[in-house]
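A.B. asks: Could you have a look at this structure, given as C-alpha cells, before my questions?
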There are 2 protein chains.
Amino acid sequence: MNEKITRFLTDHRPATPCLVIDIDVVEQNYKTLTESLQAAWVYYAVKANPAPEILKRLVALGSCFDTASVPEIEMVLAAGARPNQISYGNTIKKQADIARAYDLGVRLFAFDSDAELDKIAAAAPGSRVFCRLLTSNEGAEWPLSRKFGCDSEMAFSLLRSAPDKGVVPYGLSFHVGSQQRYPNQWDTAIAAAASVFTALQEVGVNLRMINLGGGLPTRYRKDVPPVERYTQAIMASLSRHFGDLLPEILIEPGRALVGSAGVIESEVVLISKKSFHDSKRWVYLDIGKFGGLIETMDEAIHYEFTCDRIVGDQETNCELSIIAGPTCDSTDVLYERTEYKLPIALQIGDHVRIHAAGAYTTTYASIGFNGFAPLTEYYI
Amino acid sequence: MNEKITRFLTDHRPATPCLVIDIDVVEQNYKTLTESLQAAWVYYAVKANPAPEILKRLVALGSCFDTASVPEIEMVLAAGARPNQISYGNTIKKQADIARAYDLGVRLFAFDSDAELDKIAAAAPGSRVFCRLLTSNEGAEWPLSRKFGCDSEMAFSLLRSAPDKGVVPYGLSFHVGSQQRYPNQWDTAIAAAASVFTALQEVGVNLRMINLGGGLPTRYRKDVPPVERYTQAIMASLSRHFGDLLPEILIEPGRALVGSAGVIESEVVLISKKSFHDSKRWVYLDIGKFGGLIETMDEAIHYEFTCDRIVGDQETNCELSIIAGPTCDSTDVLYERTEYKLPIALQIGDHVRIHAAGAYTTTYASIGFNGFAPLTEYYI
C-alpha cells in the first residue's frame, strides 16, 4: 500500500467512496516504461483517466497523448500539450469532430475503413493517417471485440489510396487487448504489420510508423510480468520482423501508467445472508459497477481488496464473500463466481480499500444512477 | 412514432445524441395502469428516470415514489411530494442515510436482513418496514440476480422480531425481474408472500401490505402483452392466495411508466466492413453503452430503431448490421449476435431513432467516458 495515499486517507478521512491517486506513481510508471522502451514514443491513452493533474504531469514529462474525442483533445491542450503531441486515435469520428481537431492543430488520425479515410481527407487534408489492424486478443483479461480494425488486405488497399486522397499514409496500429497477460502476444500483430509495410513498399508507399497500442497490464490480485518482459519481447519481435530499419514506434499505455497509482476507499454498507442455511455471505460496499467499477463487468478485472480487520492468519480469519455494490440494480454485483475472501470479523461501516483502481474508474462512473453521485477524486 | 416528439425533432433539430420525452405519455401510462389496477398504490421507481419534469407530473397525478437513495428522496420532495408518498426501497442503506431519510419525514423502509432491520430500528424508530423476498426471475428480459431478498423462513423470522425492535412489520415485497414477459409470473411470489402472511398471523403479527415490485414491460422491438393482462393475472393471484381480505397493494413500475415516453435521436458516425470479404457491415452510432444504452449489456433489451432511408419494402431494402457505439471501448457494441437490419441505403450522417428509450438511459450514462458528454435530455 502506497504510503502517501495511506497518510492522506488517515489525515483527511474523506467521505467514501473516493479515489485517491498518487501522481508520483504515474510519473514513476511513465519513467519505467520509457526507460525500458527507449525507442518508443509514449501516447498516454487519455480515456484511462483524463484528470488534469495527470495530464499536466505527463506533459511535463514529455509524453504524447492518444485521444478518443474532441473534449479529450481540448483537455490535453488545456494541460499544456502542443497539438503535435496528440493522436486522434478513435477510428469512429464525426467529420465535424475531425474538422474541429484539425482546427486545433491535430495532424495525426486513426482509421480502419474507406469511409473514415474519406472523412479525414475531407476535413483534415495533408494529415498523417494510420490504419488499425484487426488482431487476436488471446490472453487479454479485458479482450476487445472485432469492433476496431480491418484485415491486412483492406489496410493495404486503404493506405495505398491515401496519397491520392491527399493524406499521408503514415503507419499501422493494432491492439492486443487490455490487461494482456502474455508478453509474446504482440508478435503476431507485429508480423502482420511488417507484411503490410513490405507489401506497400513494393508499390512505392513507404510507411514510417508502427503503433503498438495498449495492453500493458497493471497488477491487480495477481502478479503480472514486469514491464521489461513486455518491452524486451516487443523489441525482439520488431527486430525479427523489421530487421535493422525499425520504423518510428508508438505505444499507447493507459492502465499501465495510472492503474497502480490509485486506491478507492469504500465502506461496507451491509453484510447479510439470504437464508439461515446459506454458507456464503454477501458483502455490500458503497461503490459498485455504476459508481466506477464497471471493469468488474463479467468479473473481468479482479481488483485487490484490503481492510484493517484481518487479525492473524488471513487464511483462517477470512471467509468467502460475494461482493456487491449499493444500487438497486441487481447486475451491480462485483464478484459472485470469482473466489473472494474477506475477514470474518468484517463489520458494517468498516473501510475496504480497492487497489490499482486508477484506470477506467472515474469517467466510467454513471452520472447519477440511483441518485448516487459520481466518484469523488483526489490527486496528491 | 409519437407525433409530439416527431414535431419537436423536426422543429428544433437538436444536436445528437439526445433523448426527448413526451411527459403526456408518462401520464397516459400512469392512468392506464391505475385504471386497470385500482386497488393498488403506484410507487414510481424513480431510478428509471428521475427528471424533475416526470416527478412533478406524477406528483400532480397523485403517484407515490420508490426511491433508492437520499438524493432521490430529495428530488421527489423537491418535485412537491409529501414524505408519506415515499418508500425508501433500497435494501442496502447506510445508517446515516436512513437517519437522513427519517429526518426528511420518510417512514417506509425496505430490508432483507437482520443487520438492515437493526439499522432502520436505530435510525428510523417507529417506521413501517417491509421485507423483500427472494423470487425466481424466469421470463424476465432483464432478470435480477440473488442480490436482493431473503427466503421465506428468514423473512418470517425478521418480521416477527420487528415489533421488539421498535418498528412496524408492515409487509412483503418481491421483484419478478424487469421487463417480465409472462403475466402469470407474479403468481408464485404472491403465493409465497401469502404463506408468510399466514405464518405471521398465527404468531400474532399482522402484516398489512404486499408490494408487487416492478417488472411490467414496455414495448421494444416485439409486442408485449397489454398491461390489463398483467393486472388481471395479478388480481386473480391475489384473490386466489389471499381470499377476500386483500392486503394493501403497492406496485413499483419504472419502465412501464416512462419507457415508451422517450425517443433517442442519434446519428450514424460510420458504416464499414472489416474486410472486403465480410458479408455483414458495422454501423456505428453516436450513442452506445456508455452514453445511455447500458441495457444493451449482454444484448438484453432489444431497442427498436427507425430511420428515414427505408424505401419501399423493408425486407428487401434492409440488410443485417452490427450496431455499435462511438467510444474506443470495444465492449461498446450494442447488437452483434441479435439480428438487426438497417436500410441498405443508410448513409453516414443519417439520423437513427431509438424508440422506447425513456427508462434507464439518462442517469445510467457515464459522466464522461472517452470525453463524451452524458445524454442531453428534453422534456416536452
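How things are named: the first chain in the C-alpha cells is A, the next is B, and so on; residues count from 1 in each chain; ligands count from 1 in the order shown.
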Enumerate as an MDAnalysis selection string the residues belonging to chain B that approach chain A to within 8 Å, with only C-alpha atoms taken into account.
C.D. replies: chainID B and resid 46:47 67:72 90:94 112:116 134 144:151 153:154 269:276 284 290 324 326:331 333 363:372 374
A.B. asks: Per DSSP on the backbone, filter stretch 114-345 of chain A down to the residues in strand (DSSP E) and report them as a ChimeraX atom specification.
C.D. replies: /A:128-132,140-142,168-173,178-180,209-211,248-251,262-272,281-285,305-307,318-324,333-335,341-343
A.B. asks: Next, dump the selected residues to file, keeping only C-alpha atoms, as a PDB file, in the first residue's frame.
C.D. replies:
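Saved result, result_35.pdb, follows:
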```pdb
ATOM      1  CA  ARG A 128      -0.814  11.731 -41.328  1.00  0.00           C
ATOM      2  CA  VAL A 129      -3.079   8.712 -41.051  1.00  0.00           C
ATOM      3  CA  PHE A 130      -2.564   5.282 -39.583  1.00  0.00           C
ATOM      4  CA  CYS A 131      -4.693   2.228 -40.168  1.00  0.00           C
ATOM      5  CA  ARG A 132      -5.749  -0.071 -37.369  1.00  0.00           C
ATOM      6  CA  ALA A 140      -6.216 -10.417 -22.561  1.00  0.00           C
ATOM      7  CA  GLU A 141      -8.274 -10.086 -19.391  1.00  0.00           C
ATOM      8  CA  TRP A 142     -10.300  -7.305 -20.993  1.00  0.00           C
ATOM      9  CA  VAL A 168      -0.068  10.900 -45.698  1.00  0.00           C
ATOM     10  CA  PRO A 169      -0.036   7.105 -45.262  1.00  0.00           C
ATOM     11  CA  TYR A 170       1.887   7.086 -42.045  1.00  0.00           C
ATOM     12  CA  GLY A 171       1.623   3.745 -40.316  1.00  0.00           C
ATOM     13  CA  LEU A 172      -0.269   0.890 -38.756  1.00  0.00           C
ATOM     14  CA  SER A 173      -1.724   0.272 -35.337  1.00  0.00           C
ATOM     15  CA  SER A 178      -6.321  -4.677 -22.486  1.00  0.00           C
ATOM     16  CA  GLN A 179      -4.566  -6.179 -19.458  1.00  0.00           C
ATOM     17  CA  GLN A 180      -2.642  -8.580 -21.663  1.00  0.00           C
ATOM     18  CA  MET A 209       5.300   4.237 -38.025  1.00  0.00           C
ATOM     19  CA  ILE A 210       4.032   1.269 -36.037  1.00  0.00           C
ATOM     20  CA  ASN A 211       1.648   1.887 -33.154  1.00  0.00           C
ATOM     21  CA  GLU A 248       9.034   5.010 -35.599  1.00  0.00           C
ATOM     22  CA  ILE A 249       7.410   3.267 -32.633  1.00  0.00           C
ATOM     23  CA  LEU A 250       4.345   4.493 -30.752  1.00  0.00           C
ATOM     24  CA  ILE A 251       2.792   2.882 -27.711  1.00  0.00           C
ATOM     25  CA  GLY A 262      -4.940   4.872  -7.432  1.00  0.00           C
ATOM     26  CA  VAL A 263      -6.796   3.469  -4.448  1.00  0.00           C
ATOM     27  CA  ILE A 264     -10.544   3.588  -3.932  1.00  0.00           C
ATOM     28  CA  GLU A 265     -11.628   3.894  -0.328  1.00  0.00           C
ATOM     29  CA  SER A 266     -15.042   2.382   0.255  1.00  0.00           C
ATOM     30  CA  GLU A 267     -17.255   1.488   3.169  1.00  0.00           C
ATOM     31  CA  VAL A 268     -19.148  -1.696   3.989  1.00  0.00           C
ATOM     32  CA  VAL A 269     -22.866  -0.858   3.882  1.00  0.00           C
ATOM     33  CA  LEU A 270     -24.301  -4.272   4.686  1.00  0.00           C
ATOM     34  CA  ILE A 271     -23.249  -7.848   5.414  1.00  0.00           C
ATOM     35  CA  SER A 272     -26.009 -10.426   5.128  1.00  0.00           C
ATOM     36  CA  ARG A 281     -22.430 -14.231   2.889  1.00  0.00           C
ATOM     37  CA  TRP A 282     -22.985 -11.079   0.829  1.00  0.00           C
ATOM     38  CA  VAL A 283     -20.866  -8.000   1.485  1.00  0.00           C
ATOM     39  CA  TYR A 284     -22.268  -4.784   0.034  1.00  0.00           C
ATOM     40  CA  LEU A 285     -19.930  -1.826  -0.497  1.00  0.00           C
ATOM     41  CA  PHE A 305      -9.247  -5.533  -1.587  1.00  0.00           C
ATOM     42  CA  THR A 306      -7.724  -4.881   1.806  1.00  0.00           C
ATOM     43  CA  CYS A 307      -9.213  -3.898   5.124  1.00  0.00           C
ATOM     44  CA  CYS A 318     -11.234 -14.778   6.255  1.00  0.00           C
ATOM     45  CA  GLU A 319     -14.256 -16.320   4.604  1.00  0.00           C
ATOM     46  CA  LEU A 320     -15.772 -16.495   1.152  1.00  0.00           C
ATOM     47  CA  SER A 321     -17.854 -13.457   0.329  1.00  0.00           C
ATOM     48  CA  ILE A 322     -19.975 -12.341  -2.584  1.00  0.00           C
ATOM     49  CA  ILE A 323     -19.164  -8.670  -3.110  1.00  0.00           C
ATOM     50  CA  ALA A 324     -21.796  -6.271  -4.460  1.00  0.00           C
ATOM     51  CA  VAL A 333     -22.644  -7.439  -8.248  1.00  0.00           C
ATOM     52  CA  LEU A 334     -18.857  -7.231  -8.382  1.00  0.00           C
ATOM     53  CA  TYR A 335     -17.810 -10.809  -7.689  1.00  0.00           C
ATOM     54  CA  LYS A 341     -12.331 -13.833   0.887  1.00  0.00           C
ATOM     55  CA  LEU A 342     -12.871 -11.050   3.396  1.00  0.00           C
ATOM     56  CA  PRO A 343     -12.285 -11.038   7.168  1.00  0.00           C
TER      57      PRO A 343
END
```
A.B. asks: I need the residues of stretch 149-309 of chain B that end up classed as helix (DSSP H, G or I) by DSSP on the backbone, written out as a ChimeraX atom specification.
C.D. replies: /B:152-165,183-202,227-242,255-261,289-291,294-299
A.B. asks: Which of these residues is nearest to B:Ser237, using only C-alpha atoms: B:Ala124, B:Val203, B:Ile190, B:Ala261?
C.D. replies: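 Using only C-alpha atoms, the shortest distance to B:Ser237 belongs to B:Ile190.
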A.B. asks: May I ask for the distance between atom CA of A:Ser195 and atom CA of A:Ala162, given in Å to one decimal place?
C.D. replies: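 Separating atom CA of A:Ser195 from atom CA of A:Ala162 is a distance of 18.1 Å.
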